[in-house]
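**Student:** Below you'll find the structure I mean.
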Amino acid sequence: MTTKLAYRYVSEIDYASLDYNPDEKEPLPDSMYQDPILQELLPLLSTRYAGSGRSRENFLGSNTIVCYDPANLNRRVMPDCYLALGVDVEAIRRRKIYLPWEVGKPPDLVLEVGSESTGREDFGRKRGIYAQIGVREYWRLDVTGGEYYGEPLVGEELVEGQYQRFPLSTEPDGILKSYSPLLDLYLCWEREWFYFYDPASSTYLRNLADSEEALFDREAALRDREAALQAEREALRAEREARQRAEARVRQLEEELRRRQGES
């Protein structure tokens, strides 16, 4: 069980003095590549780690500011996705920016999605900053299969201030997998898409598109079942009506037979 860290307010923040784009040379995110992946993975992470009952102790952020210098809040990064376990979520949101020295820890995990404008930064400057502030796991996802990072999937663990790669395996079906001890999940890549695999249940976690397709299939199956039941009800009603007509005809014939026997 994760112990929730107490938030420690260090100083007031003059938000008006903050320059949210201090370096005009800093590359801008390329949402065309990043958003589809993030829209799939973020809901899964939110449900698993920041959903009902955990929403006040596990903070999941996306494209929000993480500062790394208490003396200069304009020294910051904006991870595509980051997760901090056992923290005061409400206090973090009130501050509007993530301050590790107030939260009590840096994010536990950072996930970046490569694009033309961010690939070099993610592999260079940002990676160094994440190691400097103590991010335990750093993951990079390249939807192109390697155009921006040189490979589709790489996860790293901070060991004595340096990142060391997690093992990456290729399954017989061609799916790349790498295990995250923090998430207790495998991150997987196949055919320009990413998935989470849960070793506890031996299943892939459904992404949004899969869930919608599954719901559609379930609704279609229910409609088919209802149609089959309706047809079965119609058949039973027709059978009952035919039996009633047959019974009525039998009674009619019996009555006719008794009548003729009475006349003879």
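FYI, nothing fancy with the structure tokens labels: chains A, B, ... in order, residues from 1 per chain, ligands from 1 as they appear.
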Please identify all polymer residues within 12 Å of segment 113-122 of chain A, counting only C-alpha atoms, omitting same-chain residues fewer than 5 positions from it, and present them as number ranges by chain.

**Tutor:** A: 25-39, 41, 62-63, 77-82, 127-130, 138-154, 193-194

**Student:** Go ahead and write the selection's residues with N, CA and C atoms as a CSV table (one decimal), in the first residue's frame.

**Tutor:**
```csv
chain,number,residue,atom,x,y,z
A,25,LYS,N,13.1,28.7,-29.2
A,25,LYS,CA,13.6,27.7,-30.0
A,25,LYS,C,13.2,26.3,-29.5
A,26,GLU,N,12.5,26.3,-28.4
A,26,GLU,CA,12.0,25.0,-27.9
A,26,GLU,C,11.0,24.4,-28.9
A,27,PRO,N,11.1,23.2,-29.3
A,27,PRO,CA,10.2,22.6,-30.3
A,27,PRO,C,8.8,22.5,-29.7
A,28,LEU,N,7.8,22.7,-30.6
A,28,LEU,CA,6.4,22.6,-30.1
A,28,LEU,C,5.9,21.1,-30.4
A,29,PRO,N,5.0,20.6,-29.6
A,29,PRO,CA,4.5,19.3,-29.8
A,29,PRO,C,3.8,19.1,-31.1
A,30,ASP,N,3.9,18.0,-31.7
A,30,ASP,CA,3.2,17.6,-32.9
A,30,ASP,C,2.1,16.7,-32.6
A,31,SER,N,0.9,17.4,-32.4
A,31,SER,CA,-0.3,16.6,-31.9
A,31,SER,C,-0.8,15.6,-32.8
A,32,MET,N,-0.5,15.8,-34.1
A,32,MET,CA,-1.0,14.8,-35.1
A,32,MET,C,-0.5,13.4,-34.8
A,33,TYR,N,0.7,13.3,-34.3
A,33,TYR,CA,1.3,12.0,-34.0
A,33,TYR,C,1.0,11.6,-32.6
A,34,GLN,N,1.0,12.6,-31.7
A,34,GLN,CA,0.9,12.3,-30.2
A,34,GLN,C,-0.5,12.0,-29.7
A,35,ASP,N,-1.4,12.9,-30.1
A,35,ASP,CA,-2.8,12.8,-29.5
A,35,ASP,C,-3.5,11.5,-29.7
A,36,PRO,N,-3.5,10.8,-30.9
A,36,PRO,CA,-4.2,9.5,-30.9
A,36,PRO,C,-3.6,8.5,-30.0
A,37,ILE,N,-2.3,8.4,-29.8
A,37,ILE,CA,-1.8,7.5,-28.8
A,37,ILE,C,-2.2,7.9,-27.4
A,38,LEU,N,-2.0,9.1,-27.0
A,38,LEU,CA,-2.3,9.6,-25.7
A,38,LEU,C,-3.8,9.4,-25.4
A,39,GLN,N,-4.7,9.6,-26.4
A,39,GLN,CA,-6.1,9.5,-26.1
A,39,GLN,C,-6.5,8.0,-25.9
A,41,LEU,N,-4.1,5.7,-24.4
A,41,LEU,CA,-3.4,5.2,-23.2
A,41,LEU,C,-3.8,5.9,-22.0
A,62,SER,N,-0.8,15.3,-18.1
A,62,SER,CA,-0.6,15.2,-19.5
A,62,SER,C,-0.4,16.6,-20.0
A,63,ASN,N,0.8,16.9,-20.6
A,63,ASN,CA,1.2,18.2,-21.1
A,63,ASN,C,0.9,19.3,-20.2
A,77,VAL,N,9.7,21.4,-17.8
A,77,VAL,CA,9.4,20.5,-18.9
A,77,VAL,C,7.9,20.2,-18.9
A,78,MET,N,7.5,19.8,-20.1
A,78,MET,CA,6.0,19.4,-20.2
A,78,MET,C,6.0,18.0,-20.7
A,79,PRO,N,6.0,17.0,-19.9
A,79,PRO,CA,5.9,15.6,-20.3
A,79,PRO,C,4.6,15.3,-21.0
A,80,ASP,N,4.6,14.5,-22.0
A,80,ASP,CA,3.3,14.1,-22.7
A,80,ASP,C,2.4,13.4,-21.7
A,81,CYS,N,3.0,12.6,-20.8
A,81,CYS,CA,2.2,11.9,-19.8
A,81,CYS,C,3.1,11.6,-18.6
A,82,TYR,N,2.7,11.8,-17.4
A,82,TYR,CA,3.4,11.4,-16.2
A,82,TYR,C,2.5,11.0,-15.1
A,127,ARG,N,15.5,13.9,-21.3
A,127,ARG,CA,16.0,12.6,-20.6
A,127,ARG,C,16.9,13.0,-19.5
A,128,GLY,N,17.8,13.9,-19.8
A,128,GLY,CA,18.8,14.4,-18.7
A,128,GLY,C,18.1,15.0,-17.5
A,129,ILE,N,17.1,15.8,-17.8
A,129,ILE,CA,16.3,16.4,-16.7
A,129,ILE,C,15.6,15.4,-15.9
A,130,TYR,N,14.9,14.4,-16.5
A,130,TYR,CA,14.2,13.4,-15.8
A,130,TYR,C,15.1,12.6,-14.9
A,138,TYR,N,11.3,6.0,-17.4
A,138,TYR,CA,11.2,6.9,-18.5
A,138,TYR,C,10.9,6.0,-19.7
A,139,TRP,N,9.7,6.3,-20.4
A,139,TRP,CA,9.3,5.5,-21.5
A,139,TRP,C,9.2,6.4,-22.7
A,140,ARG,N,9.6,5.9,-23.9
A,140,ARG,CA,9.5,6.6,-25.1
A,140,ARG,C,8.8,5.7,-26.2
A,141,LEU,N,7.7,6.2,-26.8
A,141,LEU,CA,6.9,5.5,-27.8
A,141,LEU,C,7.0,6.2,-29.1
A,142,ASP,N,7.4,5.5,-30.1
A,142,ASP,CA,7.6,6.1,-31.5
A,142,ASP,C,6.6,5.4,-32.4
A,143,VAL,N,5.5,6.1,-32.7
A,143,VAL,CA,4.4,5.5,-33.5
A,143,VAL,C,4.9,5.1,-34.9
A,144,THR,N,6.0,5.7,-35.4
A,144,THR,CA,6.5,5.4,-36.8
A,144,THR,C,7.3,4.1,-36.8
A,145,GLY,N,7.6,3.6,-35.6
A,145,GLY,CA,8.4,2.4,-35.5
A,145,GLY,C,9.9,2.7,-35.4
A,146,GLY,N,10.3,4.0,-35.3
A,146,GLY,CA,11.7,4.3,-35.1
A,146,GLY,C,12.2,5.6,-35.8
A,147,GLU,N,11.4,6.3,-36.5
A,147,GLU,CA,11.8,7.5,-37.2
A,147,GLU,C,12.3,8.6,-36.3
A,148,TYR,N,11.7,8.7,-35.1
A,148,TYR,CA,12.0,9.8,-34.2
A,148,TYR,C,12.9,9.4,-33.1
A,149,TYR,N,12.8,8.1,-32.6
A,149,TYR,CA,13.7,7.7,-31.5
A,149,TYR,C,14.6,6.6,-31.9
A,150,GLY,N,14.5,6.1,-33.1
A,150,GLY,CA,15.4,5.0,-33.6
A,150,GLY,C,14.8,3.7,-33.3
A,151,GLU,N,13.8,3.5,-32.6
A,151,GLU,CA,13.1,2.3,-32.3
A,151,GLU,C,11.7,2.6,-31.8
A,152,PRO,N,10.8,1.7,-31.9
A,152,PRO,CA,9.4,2.0,-31.6
A,152,PRO,C,9.1,2.1,-30.1
A,153,LEU,N,9.9,1.4,-29.3
A,153,LEU,CA,9.5,1.3,-27.9
A,153,LEU,C,10.8,1.1,-27.0
A,154,VAL,N,11.0,2.0,-26.0
A,154,VAL,CA,12.1,1.8,-25.1
A,154,VAL,C,11.7,2.3,-23.7
A,193,TRP,N,1.0,0.7,-33.4
A,193,TRP,CA,0.1,1.0,-32.3
A,193,TRP,C,0.6,0.4,-31.0
A,194,PHE,N,0.1,1.0,-29.9
A,194,PHE,CA,0.6,0.6,-28.6
A,194,PHE,C,-0.5,0.0,-27.8
```

**Student:** Find, counting only C-alpha atoms, the residue in A:Thr170, A:Ser17, A:Asn58, A:Ser46 that gets nearest to Leu73 of chain A.

**Tutor:**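 That would be A:Ser17, the residue with the smallest distance to Leu73 of chain A.
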
**Student:** Considering only C-alpha atoms, return as a PyMOL selection string whatever protein or nucleic-acid residues lie within 12 Å of Phe196 of chain A, sequence-local ones (same chain, fewer than 6 positions apart) excluded.

**Tutor:** chain A and resi 37+40-45+48+175-180+183-190+202-207

**Student:** Just checking: using only C-alpha atoms, which residue out of A:Pro167, A:Gly61, A:Pro181, A:Pro70 ends up closest to Ile133 of chain A?

**Tutor:** A:Pro70

**Student:** Can you tell me, as a CSV table (one decimal) with N, CA and C atoms, in the first residue's frame, what residues are no more than 9 Å from Thr3 of chain A when counting only C-alpha atoms, ignoring any on the same chain fewer than 6 positions away?

**Tutor:**
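result_14.csv was written with the following content:
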```
chain,number,residue,atom,x,y,z
A,57,GLU,N,-4.9,10.3,-4.5
A,57,GLU,CA,-3.5,9.9,-4.1
A,57,GLU,C,-2.6,9.6,-5.2
A,85,LEU,N,2.7,8.5,-7.8
A,85,LEU,CA,1.9,7.7,-6.9
A,85,LEU,C,2.0,8.2,-5.5
A,86,GLY,N,0.9,8.1,-4.7
A,86,GLY,CA,1.0,8.4,-3.3
A,86,GLY,C,1.2,9.9,-3.0
A,87,VAL,N,0.6,10.8,-3.7
A,87,VAL,CA,0.8,12.2,-3.5
A,87,VAL,C,-0.5,12.9,-3.3
```

**Student:** Could you pull out the strand (DSSP E or B) residues of segment 80-165 of chain A, going by DSSP on the backbone, and write them as a ChimeraX atom specification?

**Tutor:** /A:81-85,98,109-113,137-141,153-159,162-165

**Student:** Write out as number ranges by chain which residues come within 12 Å of Asp19 of chain A when counting only C-alpha atoms, dropping same-chain ones fewer than 4 positions away.

**Tutor:** A: 14-15, 23-24, 65, 72-76

**Student:** Convert the current residue selection to file output with N, CA and C atoms, as a PDB file, in the first residue's frame.

**Tutor:**
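The result, written out as selection-v7.pdb:
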```pdb
ATOM      1  N   ASP A  14       4.107  33.593  -7.985  1.00  0.00           N
ATOM      2  CA  ASP A  14       3.661  34.740  -8.755  1.00  0.00           C
ATOM      3  C   ASP A  14       3.420  34.265 -10.187  1.00  0.00           C
ATOM      4  N   TYR A  15       2.211  33.795 -10.441  1.00  0.00           N
ATOM      5  CA  TYR A  15       1.922  33.205 -11.753  1.00  0.00           C
ATOM      6  C   TYR A  15       2.091  34.210 -12.884  1.00  0.00           C
ATOM      7  N   ASP A  23      11.749  29.744 -24.068  1.00  0.00           N
ATOM      8  CA  ASP A  23      12.729  29.541 -25.131  1.00  0.00           C
ATOM      9  C   ASP A  23      12.006  29.372 -26.455  1.00  0.00           C
ATOM     10  N   GLU A  24      12.071  30.378 -27.309  1.00  0.00           N
ATOM     11  CA  GLU A  24      11.336  30.314 -28.569  1.00  0.00           C
ATOM     12  C   GLU A  24      11.863  29.209 -29.477  1.00  0.00           C
ATOM     13  N   ILE A  65       2.914  21.458 -16.714  1.00  0.00           N
ATOM     14  CA  ILE A  65       4.273  21.897 -16.394  1.00  0.00           C
ATOM     15  C   ILE A  65       4.834  21.185 -15.169  1.00  0.00           C
ATOM     16  N   ASN A  72      14.068  29.018 -10.033  1.00  0.00           N
ATOM     17  CA  ASN A  72      13.603  29.578 -11.299  1.00  0.00           C
ATOM     18  C   ASN A  72      12.510  28.673 -11.853  1.00  0.00           C
ATOM     19  N   LEU A  73      11.251  29.065 -11.644  1.00  0.00           N
ATOM     20  CA  LEU A  73      10.127  28.223 -12.067  1.00  0.00           C
ATOM     21  C   LEU A  73       9.932  28.219 -13.577  1.00  0.00           C
ATOM     22  N   ASN A  74      10.707  29.059 -14.296  1.00  0.00           N
ATOM     23  CA  ASN A  74      10.655  29.007 -15.745  1.00  0.00           C
ATOM     24  C   ASN A  74      11.535  27.887 -16.316  1.00  0.00           C
ATOM     25  N   ARG A  75      12.273  27.237 -15.463  1.00  0.00           N
ATOM     26  CA  ARG A  75      13.008  26.051 -15.897  1.00  0.00           C
ATOM     27  C   ARG A  75      12.088  24.856 -15.682  1.00  0.00           C
ATOM     28  N   ARG A  76      11.503  24.389 -16.751  1.00  0.00           N
ATOM     29  CA  ARG A  76      10.467  23.379 -16.630  1.00  0.00           C
ATOM     30  C   ARG A  76      10.402  22.518 -17.873  1.00  0.00           C
TER      31      ARG A  76
END
```
